[in-house]
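*Asks:* Let me give you the structure first, and then I'll get to my questions.
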Amino acid sequence: MKTIDGDLLRLGNDGVFDVIVHGCNCQCQMGAGIAKSIREQFPAAYEADLATEKASRDKLGSYSSAEVKVGDHSFVVVNAYTQFHWRGSGVKADYEAIRKVFNDIKRDFAGKRIGYPTIGAGLAGGDWDTIAAIIDEELVSEDHTVVLFSNRD
């Protein structure tokens with residue numbers, strides 16, 4: 001796993017990644033954190049989320065996605081269903097869902113440049129060291145980068 005500072009969405013727009021992945025709840029909300037920014041900047045990703053069944057536990061560990069075209073390039077935004085709900089206290093990140101979705105991402109996007117934030121470790125309250133180890137195991141031999149948010153140019 002590579003680690004860089006930056007703005008994941010800007011890096012996607014700039015063509016640094018072929019795929020950007022972010023964690024979503026299963027409620028079709030995308031109302032906070034990076035999901036809210038994705039909803040605003042890439043409406044097709046939100047539309048893909050809305051096309052899934054709201055409040056379905058079956059979504060945990062799966063994803064929806066949308067291709068986004070910016071200028072002369074495009075990339076895929078992956079809505080990874082890594083938590084059931086956003087409400088309540090405690091850890092909402094589901095480690096097994098994170099494992100399953102990254103296993104599927106490896107299968108479906110092998111050979112692509114994949115970028116993601118600290119999925120599950122922000123608003124979802126998960127332990128980043130645990131999550132990073134899962135992602136490293138599932139994306140072994142892939143070109144993948146965690147982007148630590150920084151709005152520096």
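Following the order of the structure tokens, chains are lettered A, B, ..., residues in each are numbered from 1, and ligands are numbered from 1.
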Among the residues of chain A, find those DSSP assigns to strand (DSSP E) from the backbone and print them as a ChimeraX atom specification.

*Replies:* /A:2-6,19-25,63-70,73-83,113-116,143-149

*Asks:* Would you save the residues from that selection as a short mmCIF file (atom, residue, chain, number, x, y, z; two decimals), in the first residue's frame, using C-alpha atoms?

*Replies:*
```cif
data_model
loop_
_atom_site.label_atom_id
_atom_site.label_comp_id
_atom_site.auth_asym_id
_atom_site.auth_seq_id
_atom_site.Cartn_x
_atom_site.Cartn_y
_atom_site.Cartn_z
CA LYS A 2 1.31 3.37 -0.99
CA THR A 3 0.36 6.39 1.11
CA ILE A 4 0.15 9.96 -0.15
CA ASP A 5 -1.30 13.24 1.09
CA GLY A 6 -3.82 14.96 -1.14
CA VAL A 19 -10.61 3.69 -9.82
CA ILE A 20 -11.47 5.56 -6.63
CA VAL A 21 -13.15 3.65 -3.83
CA HIS A 22 -15.00 5.08 -0.85
CA GLY A 23 -16.99 3.50 1.94
CA CYS A 24 -20.77 3.79 1.96
CA ASN A 25 -23.56 2.81 4.28
CA TYR A 63 -20.47 -2.25 -4.33
CA SER A 64 -22.14 -0.09 -6.92
CA SER A 65 -20.15 2.00 -9.36
CA ALA A 66 -20.25 4.66 -12.02
CA GLU A 67 -17.85 5.72 -14.73
CA VAL A 68 -17.02 9.43 -14.59
CA LYS A 69 -15.61 11.28 -17.59
CA VAL A 70 -13.46 14.33 -16.96
CA HIS A 73 -10.06 10.67 -19.44
CA SER A 74 -12.45 8.71 -17.28
CA PHE A 75 -12.33 6.76 -14.06
CA VAL A 76 -14.66 4.59 -12.01
CA VAL A 77 -16.11 5.65 -8.67
CA VAL A 78 -16.81 2.63 -6.47
CA ASN A 79 -19.39 2.94 -3.69
CA ALA A 80 -18.17 0.18 -1.37
CA TYR A 81 -20.83 -0.93 1.13
CA THR A 82 -18.65 -1.25 4.21
CA GLN A 83 -21.14 -0.31 6.94
CA ARG A 113 -4.54 2.25 -10.39
CA ILE A 114 -6.79 2.22 -7.31
CA GLY A 115 -7.07 5.08 -4.82
CA TYR A 116 -9.10 5.33 -1.61
CA ASP A 143 -1.28 -0.72 -7.61
CA HIS A 144 -3.24 0.79 -4.72
CA THR A 145 -2.86 3.97 -2.72
CA VAL A 146 -4.45 5.38 0.41
CA VAL A 147 -4.87 9.16 0.12
CA LEU A 148 -4.68 11.02 3.41
CA PHE A 149 -6.81 14.10 2.95
#
```

*Asks:* List every residue of region 12-102 of chain A that has an atom at most 8 Å from any atom of region 132-137 of chain A, and for each one report the closest atom pair and its distance in Å to one decimal, counting only C-alpha atoms, with rows sorted by chain and then by increasing residue number, as a Markdown table.

*Replies:*
```
| residue | atom | partner | partner_atom | distance |
| --- | --- | --- | --- | --- |
| A:Tyr95 | CA | A:Ile134 | CA | 8.0 |
| A:Ile98 | CA | A:Ile134 | CA | 7.5 |
| A:Arg99 | CA | A:Ile134 | CA | 5.9 |
| A:Phe102 | CA | A:Ile135 | CA | 6.4 |
```

*Asks:* Residues near Lys106 (chain A), anyone? I mean within 9 Å using only C-alpha atoms, not counting same-chain ones fewer than 3 positions away, as an NGL selection string.

*Replies:* :A and (101-103 or 109-111 or 138-140 or 142)

*Asks:* Kindly save the residues from that selection, with N, CA, C and O atoms included, as a PDB file, in the first residue's frame.

*Replies:*
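result-v2.pdb written:
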```pdb
ATOM      1  N   VAL A 101     -15.527  -6.713  -0.119  1.00  0.00           N
ATOM      2  CA  VAL A 101     -15.602  -5.747  -1.205  1.00  0.00           C
ATOM      3  C   VAL A 101     -14.232  -5.537  -1.855  1.00  0.00           C
ATOM      4  O   VAL A 101     -14.136  -5.415  -3.076  1.00  0.00           O
ATOM      5  N   PHE A 102     -13.161  -5.544  -1.061  1.00  0.00           N
ATOM      6  CA  PHE A 102     -11.836  -5.380  -1.670  1.00  0.00           C
ATOM      7  C   PHE A 102     -11.409  -6.636  -2.432  1.00  0.00           C
ATOM      8  O   PHE A 102     -10.681  -6.544  -3.414  1.00  0.00           O
ATOM      9  N   ASN A 103     -11.890  -7.790  -2.026  1.00  0.00           N
ATOM     10  CA  ASN A 103     -11.651  -8.998  -2.802  1.00  0.00           C
ATOM     11  C   ASN A 103     -12.320  -8.869  -4.169  1.00  0.00           C
ATOM     12  O   ASN A 103     -11.728  -9.182  -5.203  1.00  0.00           O
ATOM     13  N   PHE A 109     -11.088  -5.076 -10.947  1.00  0.00           N
ATOM     14  CA  PHE A 109     -10.262  -3.950 -11.389  1.00  0.00           C
ATOM     15  C   PHE A 109      -8.768  -4.265 -11.358  1.00  0.00           C
ATOM     16  O   PHE A 109      -7.942  -3.372 -11.202  1.00  0.00           O
ATOM     17  N   ALA A 110      -8.419  -5.533 -11.509  1.00  0.00           N
ATOM     18  CA  ALA A 110      -7.011  -5.940 -11.516  1.00  0.00           C
ATOM     19  C   ALA A 110      -6.241  -5.151 -12.565  1.00  0.00           C
ATOM     20  O   ALA A 110      -6.737  -4.915 -13.674  1.00  0.00           O
ATOM     21  N   GLY A 111      -5.055  -4.722 -12.199  1.00  0.00           N
ATOM     22  CA  GLY A 111      -4.200  -3.994 -13.122  1.00  0.00           C
ATOM     23  C   GLY A 111      -4.492  -2.503 -13.210  1.00  0.00           C
ATOM     24  O   GLY A 111      -3.775  -1.776 -13.898  1.00  0.00           O
ATOM     25  N   GLU A 138      -6.063  -8.142   0.564  1.00  0.00           N
ATOM     26  CA  GLU A 138      -6.980  -8.354  -0.553  1.00  0.00           C
ATOM     27  C   GLU A 138      -6.460  -7.770  -1.863  1.00  0.00           C
ATOM     28  O   GLU A 138      -6.784  -8.286  -2.933  1.00  0.00           O
ATOM     29  N   LEU A 139      -5.678  -6.701  -1.798  1.00  0.00           N
ATOM     30  CA  LEU A 139      -5.163  -6.078  -3.020  1.00  0.00           C
ATOM     31  C   LEU A 139      -3.685  -6.400  -3.260  1.00  0.00           C
ATOM     32  O   LEU A 139      -2.989  -5.657  -3.948  1.00  0.00           O
ATOM     33  N   VAL A 140      -3.237  -7.520  -2.726  1.00  0.00           N
ATOM     34  CA  VAL A 140      -1.846  -7.912  -2.900  1.00  0.00           C
ATOM     35  C   VAL A 140      -1.500  -7.890  -4.392  1.00  0.00           C
ATOM     36  O   VAL A 140      -2.305  -8.292  -5.231  1.00  0.00           O
ATOM     37  N   GLU A 142      -1.472  -5.460  -6.401  1.00  0.00           N
ATOM     38  CA  GLU A 142      -2.151  -4.416  -7.176  1.00  0.00           C
ATOM     39  C   GLU A 142      -1.524  -3.054  -6.875  1.00  0.00           C
ATOM     40  O   GLU A 142      -0.889  -2.865  -5.838  1.00  0.00           O
TER      41      GLU A 142
END
```

*Asks:* Separation of CA of Leu9 (chain A) and CA of Ile34 (chain A), in Å?

*Replies:*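 Computing it gives 8.8 Å between the two atoms.
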
*Asks:* Between A:Leu60, A:Glu96, A:Ala48, A:Ser150, which is the closest to Asp7 (chain A) once you count only C-alpha atoms?

*Replies:*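 Of A:Leu60, A:Glu96, A:Ala48, A:Ser150, the one nearest Asp7 (chain A), counting only C-alpha atoms, is A:Ser150.
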
*Asks:* Excluding Ser37 (chain A) and its own-chain neighbours fewer than 4 positions away, which residues fall within 12 Å of it when counting only C-alpha atoms? Please give them as a list in words.

*Replies:* Asp7, Leu8, Leu9, Arg10, His22, Met30, Gly31, Ala32, Gly33, Gln41, Phe42, Pro43, Ala45 and Tyr46 of chain A

*Asks:* Taking only C-alpha atoms into account, which of A:Gly88, A:Gly71, A:Gly12, A:Gly61 comes nearest Ala124 (chain A)?

*Replies:*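 Among the listed residues, the smallest separation from Ala124 (chain A) belongs to A:Gly88.
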
*Asks:* Apply DSSP to the structure's backbone, then extract all residues of chain A labelled helix (DSSP H, G or I) and return them as a PyMOL selection string.

*Replies:* chain A and resi 8-13+33-41+43-50+57-59+95-109+128-138

*Asks:* Determine, counting only C-alpha atoms, which protein, DNA and RNA residues have an atom within 9 Å of an atom of Ala55 (chain A); residues of the same chain fewer than 5 positions away are not included. Present the result as a compact mmCIF listing (two decimals) with N, CA, C and O atoms, in the first residue's frame.

*Replies:*
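Produced file around_15.txt, reproduced below:
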```
# COMPACT_ATOMS: atom_id res chain seq x y z
N ASN A 25 -22.60 3.58 3.48
CA ASN A 25 -23.56 2.81 4.28
C ASN A 25 -24.60 2.21 3.33
O ASN A 25 -24.61 2.53 2.14
N CYS A 26 -25.44 1.38 3.86
CA CYS A 26 -26.44 0.69 3.03
C CYS A 26 -27.78 1.42 2.98
O CYS A 26 -28.79 0.85 2.58
N GLN A 27 -27.79 2.70 3.37
CA GLN A 27 -29.03 3.46 3.47
C GLN A 27 -29.27 4.42 2.31
O GLN A 27 -30.21 5.20 2.35
N CYS A 28 -28.39 4.42 1.30
CA CYS A 28 -28.53 5.32 0.14
C CYS A 28 -28.55 6.78 0.56
O CYS A 28 -29.36 7.57 0.08
N PHE A 84 -23.43 -0.81 7.61
CA PHE A 84 -24.86 -0.87 7.38
C PHE A 84 -25.52 0.49 7.55
O PHE A 84 -26.32 0.91 6.73
N HIS A 85 -25.20 1.18 8.64
CA HIS A 85 -25.86 2.45 8.96
C HIS A 85 -24.83 3.46 9.38
O HIS A 85 -23.69 3.12 9.67
```
